[in-house]
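Novice: So that you have it, the file is final18.tsv, and it contains TSV, C-alpha atoms:
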```tsv
chain	number	residue	atom	x	y	z
A	1	MET	CA	137.15	84.23	109.08
A	2	SER	CA	133.74	85.75	108.84
A	3	CYS	CA	130.46	84.00	109.59
A	4	GLU	CA	127.53	84.92	107.32
A	5	LYS	CA	124.99	83.46	109.75
A	6	SER	CA	125.96	86.05	112.37
A	7	ARG	CA	123.53	88.45	110.68
A	8	TYR	CA	120.69	86.46	112.31
A	9	ILE	CA	122.00	86.88	115.86
A	10	SER	CA	119.87	89.92	116.52
A	11	ASP	CA	116.69	88.23	115.26
A	12	TYR	CA	117.51	85.13	117.29
A	13	LEU	CA	118.09	86.99	120.54
A	14	ASN	CA	115.01	89.18	120.13
A	15	LYS	CA	112.94	86.08	119.30
A	16	GLU	CA	112.12	87.27	115.80
A	17	LEU	CA	113.27	84.15	113.93
A	18	ASP	CA	110.83	81.74	112.30
A	19	PRO	CA	110.28	78.63	114.49
A	20	GLU	CA	111.93	76.30	111.95
A	21	ASN	CA	114.99	78.55	111.77
A	22	ILE	CA	115.44	78.73	115.53
A	23	ILE	CA	116.65	75.11	115.75
A	24	ILE	CA	118.98	75.49	112.76
A	25	PHE	CA	120.58	78.69	114.01
A	26	GLU	CA	120.70	77.61	117.63
A	27	ALA	CA	122.77	74.57	116.64
A	28	HIS	CA	125.07	76.77	114.55
A	29	PHE	CA	125.48	79.50	117.16
A	30	LYS	CA	126.57	76.95	119.78
A	31	LYS	CA	129.45	75.61	117.74
A	32	CYS	CA	130.48	78.77	115.82
A	33	PRO	CA	133.23	80.60	117.76
A	34	GLU	CA	132.36	83.96	116.20
A	35	CYS	CA	128.62	83.79	116.78
A	36	SER	CA	128.87	82.35	120.29
A	37	ARG	CA	131.29	85.05	121.35
A	38	VAL	CA	129.18	87.87	119.93
A	39	ILE	CA	126.02	86.42	121.51
A	40	ALA	CA	127.70	86.15	124.90
A	41	PHE	CA	128.77	89.77	124.66
A	42	VAL	CA	125.46	91.26	123.58
A	43	LYS	CA	123.71	89.27	126.32
A	44	LYS	CA	126.04	90.97	128.77
A	45	MET	CA	125.05	94.30	127.25
A	46	GLY	CA	121.41	93.50	128.01
A	47	LYS	CA	122.26	92.90	131.66
A	48	LEU	CA	124.10	96.18	132.19
A	49	HIS	CA	122.89	98.23	135.09
A	50	LYS	CA	120.53	101.05	134.18
A	51	TYR	CA	121.70	104.03	136.14
A	52	PRO	CA	119.11	106.69	136.93
A	53	ALA	CA	119.78	110.28	135.97
A	54	SER	CA	120.16	112.79	138.74
A	55	ASN	CA	116.90	114.04	140.27
A	56	ASP	CA	118.04	117.60	139.73
A	57	ILE	CA	117.98	117.25	135.96
A	58	ALA	CA	114.46	118.62	135.60
A	59	ASP	CA	115.33	121.70	137.67
A	60	MET	CA	118.56	122.23	135.73
A	61	VAL	CA	116.79	121.92	132.38
A	62	MET	CA	114.00	124.28	133.43
A	63	GLU	CA	116.58	126.77	134.66
A	64	LYS	CA	118.31	126.66	131.27
A	65	ILE	CA	115.01	127.04	129.43
A	66	GLU	CA	113.78	129.94	131.52
A	67	ASN	CA	117.15	131.71	131.86
A	68	PRO	CA	119.37	130.70	128.97
A	69	GLY	CA	122.96	131.49	129.82
A	70	ILE	CA	125.31	133.30	127.52
A	71	ALA	CA	126.95	129.99	126.55
A	72	ASP	CA	123.60	128.59	125.37
A	73	VAL	CA	122.75	131.76	123.48
A	74	LEU	CA	126.14	131.72	121.77
A	75	ARG	CA	125.99	128.01	120.98
A	76	PHE	CA	122.48	128.37	119.61
A	77	ASN	CA	123.49	131.31	117.47
A	78	PHE	CA	126.62	129.54	116.34
A	79	GLU	CA	124.57	126.57	115.16
A	80	ARG	CA	122.15	128.78	113.26
A	81	PHE	CA	125.06	130.81	111.98
A	82	SER	CA	126.89	127.73	110.74
A	83	LYS	CA	123.73	126.48	109.02
A	84	LEU	CA	123.59	129.72	107.03
A	85	VAL	CA	127.28	130.33	106.58
A	86	ILE	CA	128.34	126.89	105.35
A	87	PRO	CA	125.95	126.86	102.35
A	88	ALA	CA	126.86	130.51	101.67
A	89	LEU	CA	130.57	129.65	101.67
A	90	ALA	CA	129.88	126.71	99.38
A	91	LEU	CA	128.10	129.02	96.95
A	92	VAL	CA	130.98	131.52	97.05
A	93	ALA	CA	133.43	128.66	96.43
A	94	ILE	CA	131.43	127.44	93.42
A	95	PHE	CA	131.26	130.99	92.08
A	96	LEU	CA	135.02	131.44	92.47
A	97	ILE	CA	135.75	128.12	90.81
A	98	LEU	CA	133.52	129.05	87.89
A	99	LYS	CA	134.92	132.55	87.71
A	100	PHE	CA	138.55	131.50	87.91
A	101	ASN	CA	138.38	128.08	86.31
A	102	PRO	CA	141.56	126.69	84.72
A	103	ALA	CA	140.46	127.77	81.26
A	104	ASN	CA	140.07	131.36	82.40
A	105	ASN	CA	143.31	131.25	84.32
A	106	SER	CA	145.17	130.35	81.18
A	107	GLY	CA	143.60	133.33	79.43
A	108	LEU	CA	141.19	131.32	77.31
A	109	VAL	CA	137.58	132.21	76.58
A	110	LYS	CA	134.77	129.72	76.18
A	111	ILE	CA	132.73	130.00	72.98
A	112	SER	CA	129.59	127.89	72.72
A	113	PHE	CA	127.48	127.01	69.71
A	114	SER	CA	123.98	125.60	69.38
A	115	LEU	CA	122.54	124.80	65.98
A	116	PRO	CA	119.05	123.52	65.21
A	117	ASP	CA	118.96	119.98	63.83
A	118	HIS	CA	117.57	119.32	60.36
A	119	GLY	CA	118.13	115.57	60.25
A	120	ALA	CA	121.93	115.56	59.97
A	121	ASN	CA	124.01	112.56	61.05
A	122	SER	CA	126.96	114.65	62.13
A	123	VAL	CA	127.73	118.33	62.51
A	124	SER	CA	131.19	119.81	62.99
A	125	LEU	CA	132.51	123.29	63.37
A	126	VAL	CA	135.77	124.14	61.62
A	127	GLY	CA	137.63	127.38	61.83
A	128	ASP	CA	140.75	129.31	62.73
A	129	PHE	CA	140.49	128.03	66.32
A	130	ASN	CA	140.87	124.35	65.38
A	131	ASN	CA	142.95	124.67	62.20
A	132	TRP	CA	139.88	123.86	60.09
A	133	ASP	CA	140.06	120.27	61.33
A	134	ALA	CA	136.56	118.72	61.39
A	135	SER	CA	137.66	115.90	63.71
A	136	LYS	CA	138.41	118.50	66.43
A	137	GLY	CA	135.13	120.35	66.06
A	138	GLN	CA	132.43	117.72	66.35
A	139	LEU	CA	129.21	118.91	67.98
A	140	GLN	CA	126.99	116.70	70.14
A	141	LYS	CA	123.31	116.22	69.48
A	142	ARG	CA	121.04	116.86	72.43
A	143	GLY	CA	117.32	116.95	71.73
A	144	ARG	CA	116.67	118.87	68.56
A	145	ALA	CA	119.94	120.77	68.47
A	146	TRP	CA	123.67	120.29	68.08
A	147	HIS	CA	125.85	121.74	70.83
A	148	GLY	CA	129.54	122.29	71.37
A	149	SER	CA	132.01	124.51	73.22
A	150	PHE	CA	135.60	125.47	72.53
A	151	TYR	CA	138.21	127.29	74.60
A	152	VAL	CA	140.03	129.89	72.51
A	153	LYS	CA	142.31	132.86	73.02
A	154	PRO	CA	140.41	136.17	72.83
A	155	GLY	CA	140.10	137.36	69.25
A	156	ARG	CA	138.12	137.14	65.99
A	157	TYR	CA	137.73	133.74	64.34
A	158	GLN	CA	136.37	132.70	60.96
A	159	TYR	CA	134.52	129.40	60.88
A	160	MET	CA	132.17	127.18	58.88
A	161	ILE	CA	129.74	124.39	59.64
A	162	VAL	CA	130.33	120.95	58.11
A	163	VAL	CA	127.21	118.78	57.86
A	164	ASP	CA	127.57	115.02	57.41
A	165	GLU	CA	131.31	115.48	56.80
A	166	LYS	CA	130.81	116.92	53.30
A	167	LYS	CA	128.43	119.81	53.15
A	168	TRP	CA	130.08	123.11	54.13
A	169	MET	CA	127.87	126.04	55.03
A	170	PRO	CA	128.07	129.32	56.98
A	171	ASP	CA	126.45	129.52	60.41
A	172	PRO	CA	122.95	130.94	59.84
A	173	MET	CA	123.04	132.39	63.37
A	174	ALA	CA	126.43	134.14	63.09
A	175	LYS	CA	126.58	137.83	63.93
A	176	GLU	CA	129.09	138.61	61.17
A	177	TYR	CA	130.25	137.17	57.86
A	178	VAL	CA	133.40	137.76	55.80
A	179	GLU	CA	134.27	136.96	52.19
A	180	ASP	CA	136.49	133.88	52.01
A	181	GLY	CA	138.10	134.96	48.72
A	182	TYR	CA	136.59	132.06	46.78
A	183	GLY	CA	133.16	133.53	46.22
A	184	SER	CA	131.70	132.23	49.45
A	185	LYS	CA	131.27	133.58	52.98
A	186	ASN	CA	132.75	132.44	56.27
A	187	SER	CA	130.96	133.05	59.56
A	188	LEU	CA	132.83	135.20	62.06
A	189	ILE	CA	132.83	135.21	65.83
A	190	ASP	CA	134.39	137.89	68.01
A	191	THR	CA	135.08	136.86	71.62
A	192	LYS	CA	134.46	140.47	72.73
A	193	GLN	CA	130.88	140.22	71.50
A	194	ILE	CA	129.91	136.95	73.23
B	195	MET	CA	103.44	99.63	133.08
B	196	MET	CA	101.35	102.06	131.14
B	197	ASP	CA	99.95	101.22	127.75
B	198	ARG	CA	101.89	102.90	124.97
B	199	THR	CA	98.87	104.73	123.49
B	200	VAL	CA	97.84	106.06	126.88
B	201	ASP	CA	101.44	107.09	127.43
B	202	ASN	CA	101.54	108.85	124.09
B	203	ASN	CA	98.27	110.65	124.77
B	204	GLU	CA	99.65	111.86	128.08
B	205	ASP	CA	102.76	113.21	126.30
B	206	ILE	CA	100.62	114.98	123.71
B	207	GLY	CA	98.60	116.53	126.53
B	208	PHE	CA	101.77	117.87	128.15
B	209	ILE	CA	103.06	119.15	124.81
B	210	LYS	CA	99.81	120.98	124.06
B	211	ASP	CA	99.97	122.66	127.47
B	212	ILE	CA	103.59	123.68	126.89
B	213	LEU	CA	102.87	125.09	123.45
B	214	GLN	CA	99.97	127.07	124.94
B	215	GLY	CA	102.41	128.75	127.30
B	216	ASP	CA	102.55	126.43	130.32
B	217	THR	CA	106.34	126.02	130.19
B	218	GLY	CA	106.35	124.32	133.59
B	219	SER	CA	104.72	121.19	132.12
B	220	PHE	CA	107.97	120.48	130.35
B	221	ALA	CA	109.47	119.51	133.70
B	222	LEU	CA	106.97	116.62	133.78
B	223	LEU	CA	108.30	115.32	130.45
B	224	VAL	CA	111.87	115.67	131.71
B	225	ARG	CA	111.10	113.66	134.83
B	226	LYS	CA	109.32	111.03	132.80
B	227	TYR	CA	112.07	110.45	130.25
B	228	LYS	CA	115.32	111.52	131.94
B	229	ASN	CA	116.39	107.98	132.88
B	230	MET	CA	115.57	106.63	129.45
B	231	ILE	CA	117.85	109.00	127.56
B	232	PHE	CA	120.43	109.12	130.34
B	233	ASN	CA	121.03	105.42	129.85
B	234	LEU	CA	121.54	105.88	126.12
B	235	ALA	CA	123.86	108.86	126.61
B	236	TYR	CA	125.87	107.05	129.27
B	237	ARG	CA	126.31	103.92	127.18
B	238	MET	CA	127.24	106.02	124.16
B	239	THR	CA	129.88	108.04	126.01
B	240	GLY	CA	130.91	105.84	128.95
B	241	ASN	CA	131.10	109.01	130.99
B	242	LEU	CA	128.52	109.96	133.60
B	243	ALA	CA	129.22	113.68	133.70
B	244	GLU	CA	129.17	113.92	129.93
B	245	ALA	CA	125.93	111.91	129.81
B	246	GLU	CA	124.30	114.45	132.17
B	247	ASP	CA	125.43	117.32	129.99
B	248	ILE	CA	124.08	115.51	126.95
B	249	ILE	CA	120.64	114.89	128.40
B	250	GLN	CA	120.32	118.48	129.59
B	251	GLU	CA	121.25	119.70	126.14
B	252	SER	CA	118.86	117.20	124.55
B	253	PHE	CA	115.93	118.35	126.65
B	254	VAL	CA	116.70	122.00	125.95
B	255	ARG	CA	116.82	121.25	122.22
B	256	ALA	CA	113.57	119.30	122.48
B	257	PHE	CA	111.92	122.26	124.20
B	258	LYS	CA	113.13	124.69	121.56
B	259	GLY	CA	112.02	122.39	118.74
B	260	LEU	CA	108.74	121.31	120.30
B	261	LYS	CA	106.72	122.92	117.49
B	262	GLN	CA	108.43	120.56	115.05
B	263	PHE	CA	107.66	117.50	117.18
B	264	ASN	CA	106.49	114.65	114.99
B	265	LEU	CA	103.30	113.11	116.40
B	266	VAL	CA	103.76	109.89	114.42
B	267	GLN	CA	107.25	109.28	115.79
B	268	GLY	CA	106.07	109.69	119.38
B	269	PHE	CA	107.84	111.78	122.01
B	270	PRO	CA	110.24	109.11	123.40
B	271	ASN	CA	111.58	108.16	119.96
B	272	TRP	CA	111.84	111.81	118.96
B	273	LEU	CA	113.81	112.41	122.15
B	274	TYR	CA	116.08	109.49	121.27
B	275	THR	CA	116.71	111.08	117.85
B	276	ILE	CA	117.68	114.38	119.47
B	277	THR	CA	119.88	112.63	122.03
B	278	ILE	CA	121.73	110.66	119.35
B	279	ASN	CA	122.37	113.93	117.49
B	280	VAL	CA	123.65	115.63	120.65
B	281	CYS	CA	125.88	112.60	121.36
B	282	ARG	CA	127.23	112.93	117.82
B	283	THR	CA	128.12	116.59	118.42
B	284	HIS	CA	129.88	115.66	121.67
B	285	ASN	CA	131.67	112.81	119.93
B	286	ARG	CA	133.02	115.22	117.30
B	287	ARG	CA	134.16	117.66	119.97
B	288	ASN	CA	135.82	114.83	121.89
B	289	LYS	CA	137.93	113.84	118.92
B	290	PHE	CA	140.06	116.82	119.77
B	291	LYS	CA	140.33	115.82	123.43
B	292	TRP	CA	142.45	112.75	122.88
B	293	ILE	CA	143.94	112.80	126.36
B	294	SER	CA	140.61	112.20	128.11
B	295	LEU	CA	139.75	109.36	125.73
B	296	SER	CA	142.87	107.46	126.64
B	297	GLY	CA	141.76	107.19	130.27
B	298	PRO	CA	139.55	104.45	131.69
B	299	ALA	CA	135.97	104.49	130.40
B	300	VAL	CA	134.38	104.75	133.84
B	301	LYS	CA	136.22	105.46	137.06
B	302	LYS	CA	135.24	103.33	140.01
B	303	ASP	CA	134.93	106.24	142.41
B	304	GLU	CA	132.86	108.10	139.87
B	305	HIS	CA	130.13	105.45	140.17
B	306	GLN	CA	130.16	105.67	143.92
B	307	GLU	CA	130.17	109.42	143.99
B	308	TRP	CA	127.20	109.66	141.63
B	309	PHE	CA	125.21	106.62	142.67
B	310	PRO	CA	125.76	105.74	146.31
B	311	GLU	CA	122.72	103.41	146.14
B	312	ILE	CA	124.82	100.83	144.28
B	313	GLY	CA	126.47	99.89	147.54
B	314	ASP	CA	123.10	98.93	149.02
B	315	GLU	CA	122.58	95.99	146.68
B	316	LYS	CA	121.75	92.53	147.97
B	317	ASP	CA	124.84	91.05	146.25
B	318	ASN	CA	127.69	90.21	148.51
B	319	PRO	CA	130.61	92.64	148.12
B	320	GLU	CA	132.62	90.22	145.94
B	321	ASP	CA	129.76	89.74	143.49
B	322	ALA	CA	129.24	93.48	143.35
B	323	LEU	CA	132.92	93.97	142.59
B	324	ASP	CA	132.86	91.30	139.87
B	325	ARG	CA	129.80	92.85	138.35
B	326	GLU	CA	131.41	96.24	138.36
B	327	GLU	CA	134.58	94.90	136.72
B	328	ASN	CA	132.46	93.13	134.17
B	329	GLU	CA	130.47	96.29	133.44
B	330	LYS	CA	133.67	98.23	132.90
B	331	LYS	CA	134.90	95.68	130.37
B	332	VAL	CA	131.58	95.63	128.49
B	333	GLN	CA	131.38	99.43	128.46
B	334	LYS	CA	134.94	99.69	127.19
B	335	ILE	CA	134.15	97.44	124.25
B	336	ILE	CA	130.89	99.28	123.44
B	337	LYS	CA	132.96	102.46	123.29
B	338	MET	CA	135.31	100.81	120.79
B	339	LEU	CA	132.48	100.50	118.27
B	340	PRO	CA	132.38	103.27	115.68
B	341	PHE	CA	129.88	105.94	116.70
B	342	LYS	CA	127.31	105.17	114.01
B	343	TYR	CA	127.06	101.53	115.10
B	344	ARG	CA	127.10	102.29	118.82
B	345	ALA	CA	123.65	103.91	119.03
B	346	ILE	CA	122.14	101.03	117.07
B	347	PHE	CA	123.71	98.48	119.43
B	348	VAL	CA	122.56	100.28	122.55
B	349	LEU	CA	119.00	100.61	121.26
B	350	ARG	CA	118.85	97.01	120.10
B	351	TYR	CA	120.67	95.09	122.81
B	352	ILE	CA	120.17	97.27	125.88
B	353	GLU	CA	116.85	98.94	125.18
B	354	ASN	CA	115.43	95.97	123.17
B	355	LYS	CA	113.98	98.20	120.45
B	356	SER	CA	112.55	96.79	117.22
B	357	TYR	CA	114.32	97.47	113.93
B	358	GLN	CA	111.49	99.80	112.99
B	359	GLU	CA	111.85	101.83	116.17
B	360	ILE	CA	115.63	102.02	115.80
B	361	ALA	CA	115.24	103.18	112.20
B	362	SER	CA	112.93	105.93	113.44
B	363	CYS	CA	115.19	106.96	116.36
B	364	ALA	CA	118.41	106.91	114.36
B	365	GLU	CA	116.79	108.39	111.22
B	366	LEU	CA	118.08	105.53	109.07
B	367	PRO	CA	116.43	103.18	106.58
B	368	LEU	CA	115.48	99.80	108.04
B	369	GLY	CA	117.99	97.95	105.85
B	370	THR	CA	120.81	100.21	107.05
B	371	VAL	CA	119.96	99.43	110.69
B	372	LYS	CA	120.35	95.70	109.99
B	373	THR	CA	123.55	96.26	108.02
B	374	TYR	CA	125.03	98.36	110.84
B	375	LEU	CA	124.20	95.63	113.36
B	376	TYR	CA	125.86	93.02	111.17
B	377	ARG	CA	128.97	95.11	110.50
B	378	GLY	CA	129.14	96.19	114.14
B	379	GLN	CA	129.10	92.55	115.22
B	380	LYS	CA	132.06	91.85	112.94
B	381	ILE	CA	134.01	94.69	114.55
B	382	LEU	CA	132.89	93.50	117.97
B	383	TYR	CA	134.17	90.01	117.29
B	384	GLU	CA	137.55	91.35	116.20
B	385	LYS	CA	137.81	93.39	119.42
B	386	LEU	CA	136.71	90.44	121.57
B	387	LYS	CA	139.15	88.10	119.83
B	388	ASN	CA	142.07	90.48	120.20
B	389	GLY	CA	141.11	91.79	123.64
```
What would you get if you wrote out this structure as structure tokens?
Specialist:
Amino acid sequence: MSCEKSRYISDYLNKELDPENIIIFEAHFKKCPECSRVIAFVKKMGKLHKYPASNDIADMVMEKIENPGIADVLRFNFERFSKLVIPALALVAIFLILKFNPANNSGLVKISFSLPDHGANSVSLVGDFNNWDASKGQLQKRGRAWHGSFYVKPGRYQYMIVVDEKKWMPDPMAKEYVEDGYGSKNSLIDTKQI
Amino acid sequence: MMDRTVDNNEDIGFIKDILQGDTGSFALLVRKYKNMIFNLAYRMTGNLAEAEDIIQESFVRAFKGLKQFNLVQGFPNWLYTITINVCRTHNRRNKFKWISLSGPAVKKDEHQEWFPEIGDEKDNPEDALDREENEKKVQKIIKMLPFKYRAIFVLRYIENKSYQEIASCAELPLGTVKTYLYRGQKILYEKLKNG
């Protein structure tokens, strides 16, 4: 059982309810077991004795301010230290994760491609690394360029660009080209030269 | 009772003096606000000795951070913010001290040792005893509330603060303060029903 009207208890007790709502809620609170119990309790809270702090507090605080003990110095330094060290550790952790990510652990290298868009509907990259299968080499369009990354074993790979699933062309931004044996040229990427 | 603006101007006067090198003026702020934050710390922890440690630590932190004091928030609310943060640190430390948490929230002799004036009340001894028993029960249930709801409850139902003031003291959005009160009441009801 959970009473939705209990969210108005605080407003009711602190006299912040609208006059017309006071009567409605007052009637509800009287008969609702949940609300009446909560109200009775928080009213008791309001009547709790307010104990004064010791009169020596001011002297003790001033003593600590004027002569900070070794414990305070250490605690203060520890807090500052932790504020610096925790972000630093987080950065180191991120660096390590990036450096030794699963792809790298398995001995793979990431190769990334970005090609300027000239109004194509789709652009794929096919090559030795994906068995010349266009469905495994689709690039994504972001802004005015097509982007894509592949994880490959270190080595040299021949590849071609396929525009709109039919037009094959070499990568104009490739560093090397090789004859494909049919009178055309394949682009070539060497993972050592990335 | 002093007008709030006058009160605030007085605080700002003290703070200016302190920042200009008159460290001793800080004692005046401590005397002025020690009972206010002691009550919060005591209700948050249910332990008088711990509450004293907390308020000392809070005042020392306030002194060290006085340059960052936010004029708009006002000194008392800023002090509440610091105290809630110190209470949170103590609460985290206490999670590892499970033995002490299993004991009674407030020991009877602890009250008498710290506050002998309680015995001088006009109540007859039986009423005083009932009241004390009652207080213990209420305090025990406050302590059962999750920490993040506890401060909101103390500020709202013991200190009668507005939602806006609580939001400022607890560094929470106004809507969150109301949600915490609502959720806290649900937990409270479960504890009351089962207790």
Novice: Contacts of B:Trp272 at 10 Å or less, counting only C-alpha atoms, minus same-chain residues fewer than 4 places along, as a list in words?
Specialist: Ala256, Phe263, Asn264, Leu265, Val266, Gln267, Gly268, Ile276, Thr277, Ile278, Ser362, Cys363, Ala364 and Glu365 of chain B
Novice: Could you please select, counting all atoms listed in the file, the residues of chain A within 7 Å of chain B and state them as a VMD selection string?
Specialist: chain A and resid 7 34 38 42 45 to 46 48 50 to 53 57 to 58 61 to 62 65
Novice: Which is closest to A:Ser36 among A:Ser6, A:Gln138, A:Asn67, A:Asn186, if we use only C-alpha atoms?
Specialist: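 Smallest distance to A:Ser36 is found for A:Ser6.
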Novice: Might you pull out every residue within 12 Å of A:Phe150, with only C-alpha atoms counted and same-chain residues fewer than 6 positions away left off, and present them as a VMD selection string?
Specialist: chain A and resid 103 108 to 113 124 to 130 136 to 139 157 191
Novice: Within 8 Å of stretch 165-168 of chain A, counting all atoms listed in the file, which residues qualify if same-chain residues fewer than 2 places away don't, as a list in words?
Specialist: Ser122, Val123, Ser124, Ala134, Met160, Ile161, Val162, Val163 and Pro170 of chain A
Novice: Go ahead and compute the interatomic distance for atom CA of A:Leu188 and atom CA of A:Trp132, in Å to one decimal.
Specialist: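 Rounded to one decimal, the two atoms are 13.5 Å apart.
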Novice: To one decimal in Å, tell me the separation between atom CA of B:Glu204 and atom CA of B:Leu260.
Specialist: 15.2 Å
Novice: Some atoms are missing, so please complete stretch 142-149 of chain A with all heavy atoms and return it as a tab-separated table (two decimals), in the coordinates of the input.
Specialist:
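Saved to out.tsv:
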```tsv
chain	number	residue	atom	x	y	z
A	142	ARG	N	121.87	117.01	71.23
A	142	ARG	CA	121.04	116.86	72.43
A	142	ARG	C	119.67	117.41	72.09
A	142	ARG	O	119.52	118.60	71.79
A	142	ARG	CB	121.65	117.64	73.61
A	142	ARG	CG	122.87	116.96	74.20
A	142	ARG	CD	123.12	117.43	75.65
A	142	ARG	NE	123.31	118.86	75.74
A	142	ARG	CZ	124.47	119.47	75.59
A	142	ARG	NH1	125.57	118.77	75.34
A	142	ARG	NH2	124.56	120.77	75.69
A	143	GLY	N	118.67	116.54	72.11
A	143	GLY	CA	117.32	116.95	71.73
A	143	GLY	C	117.29	117.30	70.25
A	143	GLY	O	117.75	116.52	69.43
A	144	ARG	N	116.81	118.49	69.97
A	144	ARG	CA	116.67	118.87	68.56
A	144	ARG	C	117.77	119.84	68.14
A	144	ARG	O	117.58	120.62	67.21
A	144	ARG	CB	115.31	119.51	68.34
A	144	ARG	CG	114.18	118.53	68.51
A	144	ARG	CD	112.88	119.22	68.23
A	144	ARG	NE	111.75	118.32	68.44
A	144	ARG	CZ	110.50	118.68	68.28
A	144	ARG	NH1	110.21	119.90	67.92
A	144	ARG	NH2	109.53	117.81	68.48
A	145	ALA	N	118.87	119.83	68.82
A	145	ALA	CA	119.94	120.77	68.47
A	145	ALA	C	121.31	120.13	68.64
A	145	ALA	O	121.47	119.11	69.33
A	145	ALA	CB	119.83	122.02	69.33
A	146	TRP	N	122.27	120.73	67.96
A	146	TRP	CA	123.67	120.29	68.08
A	146	TRP	C	124.40	121.32	68.92
A	146	TRP	O	124.26	122.53	68.70
A	146	TRP	CB	124.31	120.18	66.69
A	146	TRP	CG	123.69	119.09	65.87
A	146	TRP	CD1	122.57	119.16	65.11
A	146	TRP	CD2	124.18	117.75	65.74
A	146	TRP	NE1	122.28	117.97	64.51
A	146	TRP	CE2	123.28	117.05	64.88
A	146	TRP	CE3	125.27	117.04	66.24
A	146	TRP	CZ2	123.44	115.72	64.53
A	146	TRP	CZ3	125.43	115.72	65.88
A	146	TRP	CH2	124.53	115.05	65.05
A	147	HIS	N	125.18	120.82	69.90
A	147	HIS	CA	125.85	121.74	70.83
A	147	HIS	C	127.34	121.44	70.88
A	147	HIS	O	127.76	120.29	70.71
A	147	HIS	CB	125.31	121.57	72.26
A	147	HIS	CG	123.84	121.78	72.37
A	147	HIS	ND1	123.27	123.02	72.54
A	147	HIS	CD2	122.81	120.90	72.31
A	147	HIS	CE1	121.95	122.89	72.59
A	147	HIS	NE2	121.65	121.61	72.45
A	148	GLY	N	128.10	122.50	71.18
A	148	GLY	CA	129.54	122.29	71.37
A	148	GLY	C	130.19	123.55	71.92
A	148	GLY	O	129.67	124.66	71.72
A	149	SER	N	131.29	123.36	72.67
A	149	SER	CA	132.01	124.51	73.22
A	149	SER	C	133.49	124.36	72.92
A	149	SER	O	134.01	123.24	72.88
A	149	SER	CB	131.82	124.58	74.74
A	149	SER	OG	130.46	124.78	75.03
```
